[in-house]
Structure formats: C-alpha cells, structure tokens
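Written below as structure tokens is the structure these notes are about.
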Amino acid sequence: MLRTLHMILLCLCCYTIAKADGTYREWDNALSEKHLVRKIQMTYRGLDSIPDILDQFPNLEEINLSNNKITALPPSITRCKRLKRLILFRNRIEALPEGMQQLTRLEELSVSYNRLKTIPAGVGQMPALITLNLTGNEIDSIPAAIGQSKKLKDLRLASNQLVHLPEELTRIKTLDLLDLGNNYLESLPRSLGNLSDLRFLYINHNRLVNIPESIVKCQKLIELDVVRCGAMRMPNGLGDIRSLEYVYIDERIIPFYQNPRNRFIQNIFVVTNDQLLYRRSQ
C-alpha cells in the first residue's frame, strides 16, 4: 500500500515539474493548456504522424519527437513563431516542408537518420539557425542557398549520398564544425579556405581526388579527419597551422611535412581498417 502511494506521489511530482517548465507529453493535455506549452516531448511512442495543431501553442519553443515512425511534418510547423529547437532524429521523414525560413527563431534543427532525399532552399534562409544535423539520410545534393546562413556553426552531413557540394557553402563565415564523412564526394569547394572560423573538419570515407590547397587558410583548425577520403596526399601548408592538434589519416595517405615549431603540438594518428572509433569527437 505504501509502495503504491509512493509511486502515485512520484508520478504527481514528475507531472508537476513537467508542467512547471512547460513540458507536455500528451496532445490532449497540451491542447487544454495551450498558452502554457513551451516544450512538446514525445519520444519512443511509435507515432507515425503529427496532428496539424502545432501553431495553436503560441509559446512553443521546443519540439522533440525523436525515435518514432513519423513520415511527414504538418504545415502548421512553419507557423510556430517562437520555436527554437526542432528535434526529429530517427524517424521516417521523407521531406521537409517548404517555408522553413518562416521559423525565424529556430536555432537547432536535427533530422538525422530519416529518409530525406532533398533539402529545401528555405533551410539556408533561417536567420537564427546555429546547428543543422542531417546525418544518416539519402541526400544527394545541398542547395546553394545554404550559403545564405548567417549564424550556422555546426553542419553535419555525414552518411548521405553527396557527390558534389556548392561553392556557396564556403560563404558561411561562422561555420565551426563541418562533417562530410561517409559520402561519395569527388571534390571539395576550391574556396574551402574561406571558412575562416572552421575548427573541426571531417571528410573521411569519400572519393576525393585531392584536398584543396586553400585549406591551409583555415588557421583555427583543431581536428582534421581524412581517413580513406580518397586523396593520397595532404597539403604541406597544414604543418603551419599552430592550432591543429589532431589529424587522422590512413596508411595510404602521405602526410604533410610538419613545421618543426609545431611538431610537438600536432598529433598525426594512422588509423587501420579495424578501427571504427578512433576520433576524440566520436
């Protein structure tokens, strides 16, 4: 009896805390208190759809519907004017709606491990976007409009079907992390060095013919992964980047000549075929 009472009290306590910070886990409860809803969190529910009611919550700031079976987003998603975080990883979403640029306050968009094939141009026109995670989809191209991003720092495009990247990508001056691993890229933008704030670059497992010489202009680079990227030689100018601490290569790649002044800072790791997890950030 006491145990049952304890469990009831615990549930009530959790429910009270959830309501206090505006988190709702049921559609009916959220609809009954629309103005209190700040976060909708419904993960691991087996949901295959989202009701077209999201614009009924005027103070909604975060939606987390990860690990479900959702195939599409409702039109009302683009009318959530206060939305800051949209987390939808591990679903079955095949397309993002047009009009994503209407989400003027969105800072994080995670649609990793879905079934996306294309990205609407509007994603590059979202003025507040900082983090964009599109890992593990079926995307074969990125719109040139991505270069219009003003605040994007974290761009993850690993494990897709990319063959080509637009030169406009290098106009994103704020980019801090760029993950292009596990794609089919045959070349990188020649103006890669324009990404002057870039600190983390992962181009492992691609089909590159070479690495652009302009990469040596990325003077803030800390971590570089070129394991089985396709290229056989690394630009020697990389040895002059004093901030570069971690470089991952495979046994076929000819590494750059290390500047004697930086050789105690730069660590070059040779990764073998049987090493799956080798990078600090993995």
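Ligands are numbered from 1 in the order shown, residues from 1 within each chain, and chains are lettered A, B, ... in the order they appear in the structure tokens.
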Within 8 Å of Arg115 (chain A), counting only C-alpha atoms, which residues show up once you throw out same-chain ones fewer than 3 positions away? Write them as a ChimeraX atom specification, please. /A:91-95,137-138
Any chance you can output those residues with C-alpha atoms as a PDB file, in the first residue's frame?
```pdb
ATOM      1  CA  ASN A  91      12.023   8.803 -37.767  1.00  0.00           C
ATOM      2  CA  ARG A  92      10.916   8.115 -41.351  1.00  0.00           C
ATOM      3  CA  ILE A  93      10.552  11.665 -42.641  1.00  0.00           C
ATOM      4  CA  GLU A  94      10.949  11.861 -46.405  1.00  0.00           C
ATOM      5  CA  ALA A  95      10.837  15.634 -46.932  1.00  0.00           C
ATOM      6  CA  ASN A 137      19.737  10.362 -44.725  1.00  0.00           C
ATOM      7  CA  GLU A 138      19.679   9.858 -48.503  1.00  0.00           C
TER       8      GLU A 138
END
```
Polymer residues at most 6 Å from Ile40 (chain A), only C-alpha atoms, same-chain spacing of 5 or more positions, as a VMD selection string: chain A and resid 23 to 24 63
Env of Glu61 (chain A): 12 Å cut, atoms = only C-alpha atoms, seq-sep filter 5 positions within chain, self excluded. Answer as a PyMOL selection string. chain A and resi 21-24+35-41+54-55+77+79-87+103-108
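Non-sequential neighbours of Ala121 (chain A) (distance at most 12 Å, separation of 4 or more positions within a chain, only C-alpha atoms) are Leu96, Pro97, Glu98, Gly99, Met100, Gln101, Gln125, Met126, Ser141, Ile142, Pro143, Ala144, Ala145, Ile146, Gly147, Gln148 and Ser149 of chain A.
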Please save N, CA and C atoms of the selected residues as a compact mmCIF listing (two decimals), in the first residue's frame.
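What follows is the written file result.txt:
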```
# COMPACT_ATOMS: atom_id res chain seq x y z
N LEU A 96 11.26 17.78 -45.91
CA LEU A 96 10.96 18.92 -45.05
C LEU A 96 10.02 19.85 -45.81
N PRO A 97 9.10 20.49 -45.11
CA PRO A 97 8.13 21.35 -45.81
C PRO A 97 8.77 22.62 -46.35
N GLU A 98 8.20 23.15 -47.41
CA GLU A 98 8.63 24.46 -47.91
C GLU A 98 8.23 25.52 -46.87
N GLY A 99 8.93 26.61 -46.88
CA GLY A 99 8.61 27.67 -45.92
C GLY A 99 9.34 27.55 -44.60
N MET A 100 10.41 26.74 -44.55
CA MET A 100 11.17 26.60 -43.31
C MET A 100 11.76 27.93 -42.86
N GLN A 101 11.99 28.84 -43.80
CA GLN A 101 12.56 30.15 -43.46
C GLN A 101 11.62 30.99 -42.60
N GLN A 125 17.93 29.86 -45.38
CA GLN A 125 17.45 31.23 -45.17
C GLN A 125 16.84 31.42 -43.78
N MET A 126 17.18 30.52 -42.87
CA MET A 126 16.69 30.60 -41.49
C MET A 126 17.67 31.47 -40.70
N SER A 141 22.34 16.13 -52.72
CA SER A 141 22.81 17.48 -53.05
C SER A 141 22.33 18.47 -51.99
N ILE A 142 23.07 19.56 -51.88
CA ILE A 142 22.76 20.63 -50.93
C ILE A 142 22.46 21.89 -51.73
N PRO A 143 21.36 22.60 -51.43
CA PRO A 143 21.03 23.81 -52.19
C PRO A 143 22.07 24.91 -52.01
N ALA A 144 22.30 25.67 -53.06
CA ALA A 144 23.26 26.78 -53.00
C ALA A 144 22.85 27.79 -51.93
N ALA A 145 21.56 27.85 -51.62
CA ALA A 145 21.05 28.80 -50.62
C ALA A 145 21.62 28.55 -49.24
N ILE A 146 22.27 27.41 -49.02
CA ILE A 146 22.87 27.16 -47.71
C ILE A 146 23.90 28.22 -47.39
N GLY A 147 24.48 28.81 -48.44
CA GLY A 147 25.48 29.86 -48.25
C GLY A 147 24.92 31.15 -47.67
N GLN A 148 23.59 31.26 -47.58
CA GLN A 148 22.97 32.45 -47.02
C GLN A 148 22.86 32.39 -45.50
N SER A 149 23.24 31.27 -44.92
CA SER A 149 23.17 31.12 -43.46
C SER A 149 24.05 32.16 -42.78
```
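Comparing the minimum interatomic distances between Pro260 (chain A) and each of A:Lys69, A:Arg280, A:Lys173, A:Arg242, counting only C-alpha atoms, we find that A:Arg242 sits nearest.
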Distance criterion (only C-alpha atoms): nearest to Ile254 (chain A) out of A:Asn236, A:Asn267, A:Gln102, A:Ser196: A:Asn236
Determine which residues of region 17-215 of chain A DSSP labels as strand (DSSP E) from the backbone of this structure, then write them out as an mmCIF file with N, CA and C atoms, in the first residue's frame.
```cif
data_model
loop_
_atom_site.group_PDB
_atom_site.id
_atom_site.type_symbol
_atom_site.label_atom_id
_atom_site.label_comp_id
_atom_site.auth_asym_id
_atom_site.auth_seq_id
_atom_site.Cartn_x
_atom_site.Cartn_y
_atom_site.Cartn_z
ATOM 1 N N THR A 23 6.640 21.591 -20.134
ATOM 2 C CA THR A 23 6.826 20.381 -20.935
ATOM 3 C C THR A 23 5.552 19.540 -20.932
ATOM 4 N N TYR A 24 5.118 19.161 -22.120
ATOM 5 C CA TYR A 24 3.909 18.341 -22.258
ATOM 6 C C TYR A 24 4.208 17.101 -23.087
ATOM 7 N N LYS A 39 7.331 23.238 -24.378
ATOM 8 C CA LYS A 39 8.067 22.109 -24.943
ATOM 9 C C LYS A 39 7.138 20.915 -25.114
ATOM 10 N N ILE A 40 7.165 20.315 -26.286
ATOM 11 C CA ILE A 40 6.431 19.072 -26.545
ATOM 12 C C ILE A 40 7.453 17.965 -26.705
ATOM 13 N N GLN A 41 7.394 16.991 -25.830
ATOM 14 C CA GLN A 41 8.350 15.885 -25.866
ATOM 15 C C GLN A 41 7.599 14.554 -25.866
ATOM 16 N N GLU A 62 10.199 24.362 -28.151
ATOM 17 C CA GLU A 62 10.943 23.143 -28.475
ATOM 18 C C GLU A 62 9.995 21.991 -28.772
ATOM 19 N N ILE A 63 10.333 21.240 -29.809
ATOM 20 C CA ILE A 63 9.604 20.020 -30.155
ATOM 21 C C ILE A 63 10.620 18.896 -30.249
ATOM 22 N N ASN A 64 10.397 17.834 -29.488
ATOM 23 C CA ASN A 64 11.258 16.653 -29.548
ATOM 24 C C ASN A 64 10.375 15.425 -29.766
ATOM 25 N N ARG A 85 14.009 24.963 -31.052
ATOM 26 C CA ARG A 85 14.641 23.652 -31.263
ATOM 27 C C ARG A 85 13.624 22.682 -31.850
ATOM 28 N N LEU A 86 14.013 22.007 -32.928
ATOM 29 C CA LEU A 86 13.165 21.010 -33.572
ATOM 30 C C LEU A 86 13.997 19.736 -33.717
ATOM 31 N N ILE A 87 13.705 18.742 -32.865
ATOM 32 C CA ILE A 87 14.499 17.523 -32.780
ATOM 33 C C ILE A 87 13.652 16.345 -33.265
ATOM 34 N N GLU A 108 18.173 25.264 -33.665
ATOM 35 C CA GLU A 108 18.654 23.894 -33.860
ATOM 36 C C GLU A 108 17.630 23.075 -34.623
ATOM 37 N N LEU A 109 18.090 22.423 -35.687
ATOM 38 C CA LEU A 109 17.252 21.527 -36.481
ATOM 39 C C LEU A 109 17.986 20.205 -36.636
ATOM 40 N N SER A 110 17.453 19.160 -36.026
ATOM 41 C CA SER A 110 18.062 17.833 -36.100
ATOM 42 C C SER A 110 17.078 16.866 -36.738
ATOM 43 N N THR A 131 22.669 25.161 -35.430
ATOM 44 C CA THR A 131 23.003 23.740 -35.575
ATOM 45 C C THR A 131 22.059 23.078 -36.567
ATOM 46 N N LEU A 132 22.628 22.406 -37.574
ATOM 47 C CA LEU A 132 21.853 21.673 -38.577
ATOM 48 C C LEU A 132 22.440 20.277 -38.703
ATOM 49 N N ASN A 133 21.675 19.284 -38.254
ATOM 50 C CA ASN A 133 22.141 17.892 -38.278
ATOM 51 C C ASN A 133 21.292 17.090 -39.249
ATOM 52 N N ASP A 154 27.382 24.629 -36.738
ATOM 53 C CA ASP A 154 27.527 23.176 -36.691
ATOM 54 C C ASP A 154 26.708 22.558 -37.833
ATOM 55 N N LEU A 155 27.386 22.035 -38.852
ATOM 56 C CA LEU A 155 26.716 21.446 -40.008
ATOM 57 C C LEU A 155 27.170 20.001 -40.170
ATOM 58 N N ARG A 156 26.240 19.085 -39.997
ATOM 59 C CA ARG A 156 26.550 17.654 -40.054
ATOM 60 C C ARG A 156 25.798 17.012 -41.222
ATOM 61 N N LEU A 177 32.077 23.651 -37.225
ATOM 62 C CA LEU A 177 32.214 22.207 -37.446
ATOM 63 C C LEU A 177 31.529 21.827 -38.745
ATOM 64 N N LEU A 178 32.232 21.062 -39.586
ATOM 65 C CA LEU A 178 31.687 20.575 -40.849
ATOM 66 C C LEU A 178 31.997 19.084 -40.961
ATOM 67 N N ASP A 179 30.952 18.271 -40.933
ATOM 68 C CA ASP A 179 31.111 16.810 -41.014
ATOM 69 C C ASP A 179 30.555 16.322 -42.343
ATOM 70 N N PHE A 200 36.701 22.178 -36.794
ATOM 71 C CA PHE A 200 36.589 20.720 -36.899
ATOM 72 C C PHE A 200 36.113 20.363 -38.306
ATOM 73 N N LEU A 201 36.917 19.575 -39.027
ATOM 74 C CA LEU A 201 36.581 19.189 -40.397
ATOM 75 C C LEU A 201 36.770 17.686 -40.557
ATOM 76 N N TYR A 202 35.674 17.018 -40.955
ATOM 77 C CA TYR A 202 35.700 15.570 -41.143
ATOM 78 C C TYR A 202 35.304 15.255 -42.580
#
```
Distance query Leu162 (chain A) at most 6 Å, only C-alpha atoms, self and fewer than 4 positions along chain excluded, as a PyMOL selection string: chain A and resi 140-141+183-185
So that I have them on file, write out the residues from the current selection with C-alpha atoms, as a CSV table (one decimal), in the first residue's frame.
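Result went into part-v7.csv, see below:
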```csv
chain,number,residue,atom,x,y,z
A,140,ASP,CA,22.5,13.7,-52.8
A,141,SER,CA,22.8,17.5,-53.0
A,183,ASN,CA,29.6,10.2,-48.6
A,184,TYR,CA,30.6,10.0,-52.3
A,185,LEU,CA,32.3,13.3,-52.7
```
Distance query region 205-209 of chain A at most 8 Å, only C-alpha atoms, self and fewer than 2 positions along chain excluded, as number ranges by chain: A: 181-188, 203, 211, 226-232
Any chance you could export the current selection's C-alpha atoms as an mmCIF file, in the first residue's frame?
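Final output, out.cif:
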```cif
data_model
loop_
_atom_site.group_PDB
_atom_site.id
_atom_site.type_symbol
_atom_site.label_atom_id
_atom_site.label_comp_id
_atom_site.auth_asym_id
_atom_site.auth_seq_id
_atom_site.Cartn_x
_atom_site.Cartn_y
_atom_site.Cartn_z
ATOM 1 C CA GLY A 181 32.208 11.840 -43.702
ATOM 2 C CA ASN A 182 30.838 8.727 -45.382
ATOM 3 C CA ASN A 183 29.624 10.222 -48.633
ATOM 4 C CA TYR A 184 30.618 9.960 -52.310
ATOM 5 C CA LEU A 185 32.302 13.336 -52.694
ATOM 6 C CA GLU A 186 34.786 13.529 -55.558
ATOM 7 C CA SER A 187 35.844 17.095 -54.831
ATOM 8 C CA LEU A 188 35.534 19.840 -52.248
ATOM 9 C CA ILE A 203 35.994 14.405 -44.767
ATOM 10 C CA ILE A 211 42.289 18.188 -50.859
ATOM 11 C CA VAL A 226 40.915 12.427 -43.792
ATOM 12 C CA VAL A 227 40.829 8.664 -43.210
ATOM 13 C CA ARG A 228 40.082 6.955 -46.544
ATOM 14 C CA CYS A 229 38.925 10.224 -48.037
ATOM 15 C CA GLY A 230 40.273 9.173 -51.441
ATOM 16 C CA ALA A 231 43.075 11.721 -51.650
ATOM 17 C CA MET A 232 46.628 10.365 -51.469
#
```
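For the atom pair formed by CA of Ile241 (chain A) and CA of Asn194 (chain A), the distance is 15.0 Å, given to one decimal.
Using only C-alpha atoms, the protein and nucleic acid residues lying no more than 6 Å from Lys153 (chain A), apart from those fewer than 3 places from it along its own chain, are Ile130, Thr174, Leu175 and Asp176 of chain A.
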Export of prior selection with C-alpha atoms as a compact mmCIF listing (two decimals), in the first residue's frame:
```txt
# COMPACT_ATOMS: atom_id res chain seq x y z
CA ILE A 130 23.11 27.56 -35.42
CA THR A 174 30.51 31.37 -38.83
CA LEU A 175 30.97 27.63 -39.52
CA ASP A 176 32.84 25.90 -36.67
```
Write out as JSON, numbers by chain all residues of region 7-233 of chain A that backbone DSSP assigns to helix (DSSP H, G or I). {"A": [7, 8, 9, 10, 11, 12, 13, 14, 15, 16, 17, 18, 19, 20, 27, 28, 29, 30, 31, 32, 34, 35, 36, 54, 55, 56, 75, 76, 77, 78, 79, 100, 101, 102, 121, 122, 123, 124, 125, 144, 145, 146, 147, 148, 167, 168, 169, 170, 171, 192, 193, 194, 213, 214, 215, 216, 217]}
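Atom pair CA of Gln275 (chain A) / CA of Pro255 (chain A) has a distance of 19.0 Å (rounded to one decimal).
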Identify which of the residues A:Asn204, A:Thr78, A:Gln219, A:Gln161 lies closest to Leu116 (chain A), counting only C-alpha atoms when measuring atom-to-atom distances. A:Gln161
Could you jot down the CA of Thr170 (chain A) to CA of Leu224 (chain A) separation for me, Å, one decimal place? 17.0 Å
